[in-house]
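Shown below: my_file16.cif, with mmCIF, C-alpha atoms.
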```
data_structure
loop_
_atom_site.label_atom_id
_atom_site.label_comp_id
_atom_site.auth_asym_id
_atom_site.auth_seq_id
_atom_site.Cartn_x
_atom_site.Cartn_y
_atom_site.Cartn_z
CA MET M 196 -18.34 36.93 6.28
CA ALA M 197 -20.96 36.49 3.60
CA LYS M 198 -19.86 36.28 0.01
CA ILE M 199 -20.66 39.44 -1.91
CA PRO M 200 -21.34 38.66 -5.59
CA PHE M 201 -21.86 41.08 -8.43
CA THR M 202 -23.58 41.17 -11.78
CA PHE M 203 -20.19 40.25 -13.23
CA ALA M 204 -19.49 37.58 -10.58
CA PRO M 205 -17.10 34.64 -11.11
CA PRO M 206 -18.41 31.21 -12.10
CA ALA M 207 -20.55 29.51 -9.47
CA ASP M 208 -18.13 26.64 -8.91
CA THR M 209 -15.23 28.80 -7.79
CA ASP M 210 -13.66 26.13 -5.59
CA THR M 211 -12.88 23.88 -8.56
CA PRO M 212 -9.56 24.92 -10.14
CA PHE M 213 -10.00 26.21 -13.68
CA SER M 214 -6.41 25.48 -14.87
CA MET M 215 -5.25 27.64 -12.04
CA PRO M 216 -3.30 30.58 -13.45
CA THR M 217 -0.69 32.62 -11.68
CA LEU M 218 -2.30 35.18 -9.38
CA LYS M 219 -0.77 38.37 -10.73
CA PHE M 220 -1.32 41.49 -8.66
CA ALA M 221 0.29 44.82 -7.88
CA VAL M 222 1.29 45.62 -4.30
CA LEU M 223 1.07 49.32 -3.44
CA ALA M 224 1.96 49.40 0.25
CA GLY M 225 1.77 53.18 0.70
CA ASP M 226 3.03 55.16 3.68
CA TYR M 227 3.79 54.94 7.43
CA ILE M 228 2.13 51.72 8.72
CA GLY M 229 1.17 50.74 5.16
CA PRO M 230 4.33 48.70 4.45
CA GLU M 231 4.24 47.14 7.93
CA VAL M 232 0.75 45.68 7.65
CA MET M 233 1.20 44.85 3.96
CA ALA M 234 4.21 42.66 4.75
CA GLU M 235 2.14 40.64 7.23
CA ALA M 236 -0.82 40.36 4.87
CA LEU M 237 1.48 38.97 2.20
CA ARG M 238 2.86 36.44 4.69
CA VAL M 239 -0.65 35.21 5.39
CA LEU M 240 -1.48 35.14 1.69
CA GLU M 241 1.68 33.19 0.88
CA HIS M 242 0.81 30.66 3.59
CA VAL M 243 -2.65 30.14 2.13
CA ALA M 244 -1.19 29.92 -1.37
CA GLY M 245 1.09 27.13 -0.21
CA GLN M 246 -1.82 25.25 1.32
CA GLU M 247 -4.09 25.74 -1.69
CA GLY M 248 -1.51 25.17 -4.42
CA LEU M 249 -1.74 28.72 -5.71
CA VAL M 250 1.03 30.56 -7.53
CA LEU M 251 1.53 34.19 -6.57
CA GLN M 252 3.23 36.82 -8.70
CA HIS M 253 3.15 40.23 -7.10
CA THR M 254 5.03 43.37 -8.04
CA ALA M 255 5.66 46.17 -5.58
CA ALA M 256 5.34 49.82 -6.60
CA ASP M 257 5.41 53.22 -4.91
CA VAL M 258 2.24 55.20 -4.36
CA GLY M 259 1.15 58.16 -2.23
CA GLY M 260 3.87 59.85 -0.23
CA ALA M 261 6.38 57.22 -1.30
CA GLY M 262 5.54 58.05 -4.92
CA ILE M 263 6.11 61.75 -4.27
CA ASP M 264 9.42 61.17 -2.49
CA ASN M 265 10.82 58.72 -5.06
CA HIS M 266 9.19 59.81 -8.33
CA GLY M 267 7.87 63.33 -7.84
CA LYS M 268 4.16 62.48 -7.82
CA ALA M 269 1.70 60.42 -5.83
CA LEU M 270 0.78 58.11 -8.71
CA PRO M 271 3.94 57.56 -10.78
CA ASP M 272 3.61 56.47 -14.39
CA SER M 273 5.65 53.35 -13.61
CA THR M 274 3.19 52.39 -10.87
CA LEU M 275 0.22 52.84 -13.18
CA ARG M 276 1.87 50.61 -15.80
CA ILE M 277 2.42 47.87 -13.20
CA CYS M 278 -1.25 48.10 -12.21
CA GLU M 279 -2.34 47.91 -15.85
CA SER M 280 -0.39 44.69 -16.36
CA SER M 281 -1.86 43.09 -13.22
CA ASP M 282 -5.17 41.38 -12.51
CA ALA M 283 -5.78 43.23 -9.22
CA ILE M 284 -4.29 45.85 -6.92
CA LEU M 285 -3.57 45.21 -3.25
CA PHE M 286 -3.43 48.71 -1.81
CA GLY M 287 -2.17 50.00 1.53
CA SER M 288 -2.85 53.43 3.03
CA VAL M 289 -1.43 56.72 1.78
CA GLY M 290 -0.75 60.19 3.11
CA GLY M 291 0.27 61.79 6.37
CA PRO M 292 1.73 64.94 7.89
CA LYS M 293 4.92 64.84 5.85
CA TRP M 294 3.04 65.87 2.70
CA GLU M 295 0.29 68.06 4.13
CA LYS M 296 1.99 71.30 3.06
CA LEU M 297 1.72 70.36 -0.61
CA PRO M 298 -1.08 71.94 -2.69
CA PRO M 299 -4.30 69.93 -2.17
CA LYS M 300 -4.27 68.58 -5.73
CA GLU M 301 -0.80 67.11 -5.17
CA GLN M 302 -1.37 65.50 -1.78
CA PRO M 303 -1.25 61.68 -1.64
CA GLU M 304 -4.90 60.98 -0.85
CA ARG M 305 -6.23 63.11 -3.67
CA ALA M 306 -3.47 62.60 -6.24
CA ALA M 307 -3.24 58.82 -5.94
CA LEU M 308 -6.58 57.21 -5.12
CA LEU M 309 -8.90 59.38 -7.21
CA PRO M 310 -6.84 58.98 -10.42
CA ILE M 311 -6.67 55.20 -9.92
CA ARG M 312 -10.43 55.01 -9.47
CA LYS M 313 -10.99 57.08 -12.57
CA HIS M 314 -8.39 55.27 -14.69
CA PHE M 315 -9.82 51.81 -13.96
CA THR M 316 -13.47 52.93 -13.68
CA LEU M 317 -13.72 51.53 -10.16
CA PHE M 318 -17.32 52.56 -9.61
CA ALA M 319 -18.38 50.27 -6.75
CA ASN M 320 -16.85 50.47 -3.28
CA ILE M 321 -17.88 47.55 -1.09
CA ARG M 322 -17.18 47.99 2.60
CA PRO M 323 -18.36 45.30 5.03
CA GLY M 324 -19.20 46.63 8.48
CA LEU M 325 -18.42 43.71 10.73
CA LEU M 326 -18.02 43.65 14.49
CA TYR M 327 -17.60 40.27 16.17
CA LYS M 328 -19.78 39.64 19.20
CA GLU M 329 -16.63 39.22 21.26
CA LEU M 330 -15.45 42.73 20.35
CA THR M 331 -18.59 44.73 21.07
CA ALA M 332 -16.80 46.54 23.89
CA ALA M 333 -14.61 48.19 21.23
CA SER M 334 -17.60 50.03 19.78
CA PRO M 335 -18.57 53.49 21.05
CA ILE M 336 -22.18 52.27 20.93
CA LYS M 337 -23.54 50.76 24.12
CA THR M 338 -23.15 47.01 24.09
CA ASP M 339 -26.83 46.43 24.91
CA ARG M 340 -27.73 47.94 21.52
CA ILE M 341 -25.50 45.50 19.65
CA PRO M 342 -25.43 42.34 21.80
CA GLU M 343 -24.59 40.14 18.81
CA GLY M 344 -22.18 42.59 17.21
CA ILE M 345 -22.71 44.29 13.84
CA ASP M 346 -23.04 42.82 10.36
CA MET M 347 -23.89 45.13 7.46
CA VAL M 348 -22.50 46.25 4.10
CA CYS M 349 -22.14 49.73 2.62
CA ILE M 350 -22.19 50.02 -1.18
CA ARG M 351 -20.78 53.39 -2.24
CA GLU M 352 -20.85 54.76 -5.79
CA LEU M 353 -17.25 55.75 -6.38
CA THR M 354 -16.74 57.61 -9.66
CA GLY M 355 -19.53 60.20 -9.81
CA GLY M 356 -20.90 63.06 -7.75
CA LEU M 357 -19.05 66.00 -6.23
CA TYR M 358 -15.63 64.40 -6.30
CA PHE M 359 -15.50 64.18 -10.09
CA GLY M 360 -18.06 66.70 -11.39
CA LYS M 361 -16.92 69.69 -13.45
CA PRO M 362 -16.51 72.61 -13.06
CA LYS M 363 -14.40 72.30 -9.94
CA GLU M 364 -12.57 75.54 -9.37
CA THR M 365 -11.83 78.54 -7.19
CA THR M 366 -12.13 81.94 -8.88
CA THR M 367 -11.80 85.59 -7.93
CA LEU M 368 -14.99 87.58 -8.44
CA PRO M 369 -15.07 91.13 -9.87
CA ASP M 370 -15.45 92.56 -6.35
CA GLY M 371 -12.34 90.70 -5.18
CA ASP M 372 -14.16 88.02 -3.24
CA LEU M 373 -13.18 84.37 -3.71
CA GLN M 374 -15.69 81.78 -4.90
CA ALA M 375 -15.21 78.01 -4.90
CA VAL M 376 -17.38 75.67 -6.98
CA ASP M 377 -17.83 71.90 -6.86
CA THR M 378 -20.35 70.25 -9.14
CA MET M 379 -22.47 67.23 -8.28
CA ILE M 380 -23.44 65.27 -11.37
CA TYR M 381 -25.09 61.87 -11.72
CA ARG M 382 -26.40 60.05 -14.76
CA LYS M 383 -29.20 57.54 -14.67
CA SER M 384 -26.90 54.84 -16.04
CA GLU M 385 -24.43 55.38 -13.18
CA ILE M 386 -27.19 55.02 -10.60
CA GLU M 387 -28.53 51.86 -12.26
CA ARG M 388 -25.05 50.34 -12.32
CA ILE M 389 -24.45 50.75 -8.60
CA THR M 390 -28.02 49.66 -7.82
CA ALA M 391 -27.38 46.39 -9.65
CA THR M 392 -24.34 45.77 -7.45
CA ALA M 393 -26.38 46.51 -4.32
CA ILE M 394 -29.14 44.14 -5.41
CA ALA M 395 -26.65 41.33 -6.00
CA THR M 396 -25.24 41.88 -2.52
CA ALA M 397 -28.66 42.03 -0.85
CA ARG M 398 -29.65 38.74 -2.48
CA THR M 399 -26.88 36.90 -0.60
CA ARG M 400 -27.99 38.36 2.72
CA LYS M 401 -31.46 39.31 4.00
CA HIS M 402 -32.92 40.69 0.75
CA LYS M 403 -33.09 44.12 2.38
CA LEU M 404 -31.73 47.27 0.75
CA CYS M 405 -31.79 50.85 2.03
CA SER M 406 -31.01 53.61 -0.48
CA ILE M 407 -29.71 56.79 1.11
CA ASP M 408 -30.04 60.23 -0.49
CA LYS M 409 -31.06 63.85 0.12
CA ALA M 410 -34.03 63.99 -2.24
CA ASN M 411 -35.73 66.73 -0.23
CA VAL M 412 -32.97 69.17 -1.26
CA LEU M 413 -30.75 67.90 -4.09
CA GLU M 414 -31.81 67.45 -7.71
CA THR M 415 -29.31 64.63 -8.14
CA SER M 416 -30.94 62.84 -5.21
CA VAL M 417 -34.37 63.20 -6.79
CA LEU M 418 -33.02 61.34 -9.83
CA TRP M 419 -31.22 58.88 -7.56
CA ARG M 420 -34.36 57.93 -5.63
CA LYS M 421 -36.53 57.68 -8.75
CA THR M 422 -33.96 55.54 -10.57
CA VAL M 423 -33.32 53.18 -7.67
CA THR M 424 -37.06 52.72 -7.09
CA GLU M 425 -37.78 51.94 -10.73
CA TYR M 426 -34.75 49.68 -11.16
CA VAL M 427 -35.52 47.56 -8.10
CA ALA M 428 -39.20 47.29 -9.05
CA LYS M 429 -38.28 46.09 -12.53
CA HIS M 430 -35.27 43.87 -11.83
CA ALA M 431 -35.55 42.83 -8.18
CA PRO M 432 -39.12 42.63 -6.86
CA ASP M 433 -37.77 40.12 -4.30
CA ILE M 434 -35.77 42.90 -2.61
CA GLU M 435 -37.33 44.91 0.22
CA LEU M 436 -36.35 48.48 -0.68
CA THR M 437 -36.49 51.45 1.68
CA HIS M 438 -35.24 55.03 1.38
CA MET M 439 -33.72 57.32 3.98
CA TYR M 440 -32.36 60.87 3.99
CA VAL M 441 -28.65 60.97 4.70
CA ASP M 442 -28.90 63.07 7.86
CA ASN M 443 -31.37 60.60 9.36
CA ALA M 444 -29.22 57.68 8.24
CA ALA M 445 -26.21 59.12 10.07
CA MET M 446 -28.29 59.26 13.25
CA GLN M 447 -29.83 55.81 12.78
CA LEU M 448 -26.41 54.20 12.32
CA VAL M 449 -25.58 55.23 15.87
CA ARG M 450 -29.03 54.52 17.29
CA GLY M 451 -29.31 51.00 15.89
CA PRO M 452 -26.90 49.87 13.16
CA ASN M 453 -28.44 46.42 12.79
CA GLN M 454 -31.65 47.89 11.41
CA PHE M 455 -29.59 48.09 8.20
CA ASP M 456 -28.37 45.15 6.17
CA VAL M 457 -27.19 46.59 2.85
CA ILE M 458 -27.10 50.32 2.19
CA VAL M 459 -26.39 51.98 -1.15
CA THR M 460 -25.58 55.63 -1.65
CA GLU M 461 -23.72 58.19 -3.74
CA ASN M 462 -20.06 59.08 -3.50
CA MET M 463 -19.80 61.78 -0.82
CA PHE M 464 -22.57 60.39 1.38
CA GLY M 465 -20.94 56.97 1.12
CA ASP M 466 -17.56 58.39 2.04
CA ILE M 467 -18.98 59.85 5.24
CA LEU M 468 -21.36 57.05 6.22
CA SER M 469 -18.87 54.24 5.58
CA ASP M 470 -16.39 55.95 7.90
CA GLU M 471 -19.12 56.35 10.53
CA MET M 472 -19.92 52.67 10.10
CA ALA M 473 -16.25 51.84 10.57
CA VAL M 474 -16.09 53.79 13.84
CA ILE M 475 -19.14 52.08 15.34
CA CYS M 476 -17.60 48.75 14.37
CA GLY M 477 -14.87 49.44 16.89
CA SER M 478 -11.61 49.61 15.00
CA LEU M 479 -10.55 50.62 11.52
CA GLY M 480 -7.86 47.98 11.90
CA MET M 481 -10.48 45.27 11.38
CA LEU M 482 -12.27 46.59 8.28
CA SER M 483 -11.41 45.81 4.67
CA SER M 484 -12.87 47.11 1.43
CA ALA M 485 -13.05 46.34 -2.28
CA SER M 486 -13.37 48.82 -5.14
CA LEU M 487 -14.56 47.10 -8.30
CA GLY M 488 -15.29 48.34 -11.78
CA ALA M 489 -16.90 47.37 -15.04
CA GLY M 490 -13.59 46.21 -16.48
CA LYS M 491 -12.40 42.62 -16.25
CA ASN M 492 -8.93 41.21 -15.77
CA SER M 493 -7.14 38.60 -17.87
CA LEU M 494 -9.16 35.87 -16.12
CA GLY M 495 -12.48 37.42 -17.11
CA LEU M 496 -13.15 38.38 -13.48
CA PRO M 497 -13.55 41.88 -11.99
CA PHE M 498 -10.44 44.02 -11.85
CA GLY M 499 -10.39 45.54 -8.39
CA LEU M 500 -8.47 47.50 -5.80
CA TYR M 501 -8.44 46.07 -2.28
CA GLU M 502 -7.49 48.13 0.74
CA PRO M 503 -7.98 48.53 4.50
CA ALA M 504 -10.50 51.11 5.66
CA GLY M 505 -8.06 52.87 7.99
CA GLY M 506 -5.33 55.41 7.42
CA THR M 507 -1.55 55.48 7.71
CA ALA M 508 -1.44 56.07 11.51
CA PRO M 509 1.83 58.03 11.60
CA ASP M 510 1.78 58.07 15.42
CA ILE M 511 2.40 54.33 15.64
CA ALA M 512 4.42 53.79 12.46
CA GLY M 513 7.61 51.83 13.00
CA LYS M 514 6.54 50.54 16.42
CA GLY M 515 5.30 47.15 15.21
CA ILE M 516 1.94 47.49 16.94
CA ALA M 517 -0.45 48.25 14.06
CA ASN M 518 -3.36 45.88 13.47
CA PRO M 519 -2.78 43.98 10.19
CA CYS M 520 -6.23 42.32 10.12
CA ALA M 521 -7.88 44.82 7.75
CA GLN M 522 -5.06 44.40 5.25
CA ILE M 523 -5.22 40.62 5.65
CA LEU M 524 -8.99 40.62 5.11
CA SER M 525 -8.46 42.75 2.00
CA THR M 526 -6.41 39.92 0.52
CA ALA M 527 -9.40 37.65 1.11
CA LEU M 528 -11.65 40.01 -0.85
CA MET M 529 -9.08 40.05 -3.65
CA LEU M 530 -8.98 36.26 -3.81
CA ARG M 531 -12.76 36.11 -3.94
CA HIS M 532 -13.62 38.81 -6.44
CA SER M 533 -10.62 39.13 -8.78
CA PHE M 534 -9.47 35.50 -8.73
CA GLY M 535 -12.70 33.57 -8.09
CA LEU M 536 -11.27 31.70 -5.10
CA ASP M 537 -14.07 31.79 -2.56
CA ARG M 538 -12.82 28.86 -0.50
CA ALA M 539 -9.38 30.37 0.04
CA ALA M 540 -10.97 33.75 0.83
CA SER M 541 -13.34 32.23 3.36
CA ARG M 542 -10.49 30.36 5.05
CA ILE M 543 -8.66 33.66 5.65
CA GLU M 544 -11.80 35.32 7.02
CA VAL M 545 -12.50 32.41 9.36
CA ALA M 546 -8.88 32.36 10.52
CA VAL M 547 -8.91 36.06 11.37
CA LYS M 548 -12.10 35.64 13.36
CA LYS M 549 -10.75 32.57 15.15
CA ALA M 550 -7.49 34.33 16.05
CA VAL M 551 -9.21 37.45 17.37
CA THR M 552 -12.01 35.76 19.25
CA SER M 553 -9.54 33.32 20.82
CA GLY M 554 -7.74 36.22 22.45
CA SER M 555 -5.05 37.39 20.04
CA ARG M 556 -5.47 41.16 20.03
CA THR M 557 -3.47 44.16 18.94
CA ALA M 558 -3.76 47.21 21.18
CA ASP M 559 -6.69 48.77 19.29
CA ILE M 560 -8.94 45.82 20.14
CA ALA M 561 -7.43 44.73 23.46
CA PHE M 562 -9.58 47.07 25.62
CA GLY M 563 -6.58 47.90 27.78
CA GLY M 564 -5.68 44.26 28.35
CA ALA M 565 -2.75 42.26 27.09
CA SER M 566 -1.92 43.00 23.47
CA ILE M 567 0.41 41.65 20.82
CA GLY M 568 2.26 43.25 17.93
CA THR M 569 1.72 43.34 14.19
CA ARG M 570 3.79 40.27 13.34
CA ALA M 571 2.42 38.23 16.24
CA MET M 572 -1.12 39.00 15.11
CA ALA M 573 -0.33 37.68 11.64
CA ASP M 574 1.29 34.63 13.26
CA ALA M 575 -1.95 33.99 15.14
CA VAL M 576 -3.92 34.12 11.89
CA ILE M 577 -1.46 31.73 10.24
CA SER M 578 -1.78 29.35 13.20
CA ALA M 579 -5.56 29.49 12.85
CA LEU M 580 -5.18 28.42 9.23
#
```

Give the structure from this file in structure tokens form.
Amino acid sequence: MAKIPFTFAPPADTDTPFSMPTLKFAVLAGDYIGPEVMAEALRVLEHVAGQEGLVLQHTAADVGGAGIDNHGKALPDSTLRICESSDAILFGSVGGPKWEKLPPKEQPERAALLPIRKHFTLFANIRPGLLYKELTAASPIKTDRIPEGIDMVCIRELTGGLYFGKPKETTTLPDGDLQAVDTMIYRKSEIERITATAIATARTRKHKLCSIDKANVLETSVLWRKTVTEYVAKHAPDIELTHMYVDNAAMQLVRGPNQFDVIVTENMFGDILSDEMAVICGSLGMLSSASLGAGKNSLGLPFGLYEPAGGTAPDIAGKGIANPCAQILSTALMLRHSFGLDRAASRIEVAVKKAVTSGSRTADIAFGGASIGTRAMADAVISAL
């Protein structure tokens, strides 16, 4: 997987130890399969740490449904304090049917992730869309459209737009009718910030960037398109910039995903398109993500939250069959971006690919053939290391 740098990237020579500090991170395993795959990801990470001479210091904390059950809310104060004293967050998946009857504002997905993003100003969500050639049969897209697999990146603005704009309320009108309001707000500075991240990513790949908006309808998208165009022209004339309306982009992702290399878009569009991208890549169990912000950790590197793209999968929880690869690959992103350890990160990514393409498959990527369990999958990655 290509390295994805940022405007606040680590030093170029990241493979040379810089008086290697302790890697201090919070572990928020979450709910249902979250703890299962997190345990295996930590096993892989500890194996790499032993090989690379790294010192790990991780502290576990409750979040999501576990936070509600044990502390009365999805993001307990104690968990937030642990995150604040860490250099990164390794996050699992939260939520599930057990807590669906709670008011929406108190449910795990909304009451845990959104506050963390806001608290740490995690404005850039980086989700690689990667499908190995050997796994193309797992994609709902016909194999002849993606003979070499899929390799793209979605850059999603994470702290603006409809999810955070005010007012956000439901009111009763004078005639008794109910009215709900969500507000989409974007500032030029927010758009420039995420565009800079997208440019940095595009420069490590094919120098191609597609900005996705709805400028034929939305005022915020008019500003988005104008700002992206001007920023790229001024700061990145080497980047081939194109624009696409979000409805067309959703269709084109299915028609031919490899026409895209790097896409950048606002919060809600990115939420939807990155999930579509994940589906066409075959299995959520293979896709990691990083959410980075403007703030830096004690090492002077980006503070980030690293998590798998999939959910908590209550239907298979406790069965030992969940795919741990996305969580394992999330540890690689953490090593790269928050600890500046590109070599160790790349070794994990190569090991996952080697294990999977050599035939070690959990049920979600076995195409009905022989499959192995969660722990055995992690064992295969460790063997590949």

Please, which residues in segment 410-457 of chain M fall within 12 Å of segment 367-378 of chain M when counting all atoms listed in the file, and what is the closest atom pair and distance in Å to one decimal for each, ordered by chain then residue number, as JSON lines?
```
{"residue": "M:Leu413", "atom": "CA", "partner": "M:Thr378", "partner_atom": "CA", "distance": 11.8}
{"residue": "M:Glu414", "atom": "CA", "partner": "M:Thr378", "partner_atom": "CA", "distance": 11.9}
{"residue": "M:Thr415", "atom": "CA", "partner": "M:Thr378", "partner_atom": "CA", "distance": 10.6}
```

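Atom CA of Pro323 of chain M is positioned 12.4 Å from atom CA of Val474 of chain M.
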
From M:Ala332, M:Arg570, M:Ala236, M:Gly225, residue lying nearest Gly290 of chain M [all atoms listed in the file]: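 Nearest candidate to Gly290 of chain M out of M:Ala332, M:Arg570, M:Ala236, M:Gly225: M:Gly225.
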
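With distances restricted to all atoms listed in the file, M:Arg351 is the closest residue to Leu468 of chain M from M:Arg351, M:Glu435, M:Leu223, M:Phe359.
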
Contacts of Glu301 of chain M at 10 Å (all atoms listed in the file; same-chain gap of 6+ positions) as number ranges by chain: M: 259-260, 263, 267-270, 294-295, 307

Neighbours of point (-7.6, 42.4, 10.0) within 12 Å, using only C-alpha atoms, written as a PyMOL selection string: chain M and resi 232-233+235-236+239+325-327+478-484+502-505+517-528+543-551+555-557+559-560+569+572-573+575-576

Residues matched by the PyMOL selection byres ((chain M and resi 314) around 12) as an MDAnalysis selection string: chainID M and resid 270 275:276 278:279 307:313 315:318 354 488:490 498:500

Write out, as a compact mmCIF listing (two decimals), keeping the file's coordinate frame, the residues just selected, with C-alpha atoms.
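Listing of selection_32.txt after writing:
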```txt
# COMPACT_ATOMS: atom_id res chain seq x y z
CA LEU M 270 0.78 58.11 -8.71
CA LEU M 275 0.22 52.84 -13.18
CA ARG M 276 1.87 50.61 -15.80
CA CYS M 278 -1.25 48.10 -12.21
CA GLU M 279 -2.34 47.91 -15.85
CA ALA M 307 -3.24 58.82 -5.94
CA LEU M 308 -6.58 57.21 -5.12
CA LEU M 309 -8.90 59.38 -7.21
CA PRO M 310 -6.84 58.98 -10.42
CA ILE M 311 -6.67 55.20 -9.92
CA ARG M 312 -10.43 55.01 -9.47
CA LYS M 313 -10.99 57.08 -12.57
CA PHE M 315 -9.82 51.81 -13.96
CA THR M 316 -13.47 52.93 -13.68
CA LEU M 317 -13.72 51.53 -10.16
CA PHE M 318 -17.32 52.56 -9.61
CA THR M 354 -16.74 57.61 -9.66
CA GLY M 488 -15.29 48.34 -11.78
CA ALA M 489 -16.90 47.37 -15.04
CA GLY M 490 -13.59 46.21 -16.48
CA PHE M 498 -10.44 44.02 -11.85
CA GLY M 499 -10.39 45.54 -8.39
CA LEU M 500 -8.47 47.50 -5.80
```

I'd like the neighbourhood of segment 446-453 of chain M as a short mmCIF file (atom, residue, chain, number, x, y, z; two decimals) with C-alpha atoms, in the coordinates of the input, where a residue qualifies if any of its atoms comes within 8 Å (using only C-alpha atoms), though same-chain residues fewer than 4 positions away should be ignored.
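Final output, around-v1.cif:
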```
data_model
loop_
_atom_site.label_atom_id
_atom_site.label_comp_id
_atom_site.auth_asym_id
_atom_site.auth_seq_id
_atom_site.Cartn_x
_atom_site.Cartn_y
_atom_site.Cartn_z
CA ILE M 336 -22.18 52.27 20.93
CA ARG M 340 -27.73 47.94 21.52
CA ILE M 341 -25.50 45.50 19.65
CA ILE M 345 -22.71 44.29 13.84
CA ASP M 346 -23.04 42.82 10.36
CA MET M 347 -23.89 45.13 7.46
CA ASP M 442 -28.90 63.07 7.86
CA GLU M 471 -19.12 56.35 10.53
CA MET M 472 -19.92 52.67 10.10
CA ILE M 475 -19.14 52.08 15.34
#
```

Pick from M:Ala256, M:Tyr501, M:Gly554, M:Glu387, whichever lies nearest to His430 of chain M using all atoms listed in the file: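 Of all the options, M:Glu387 lies closest to His430 of chain M.
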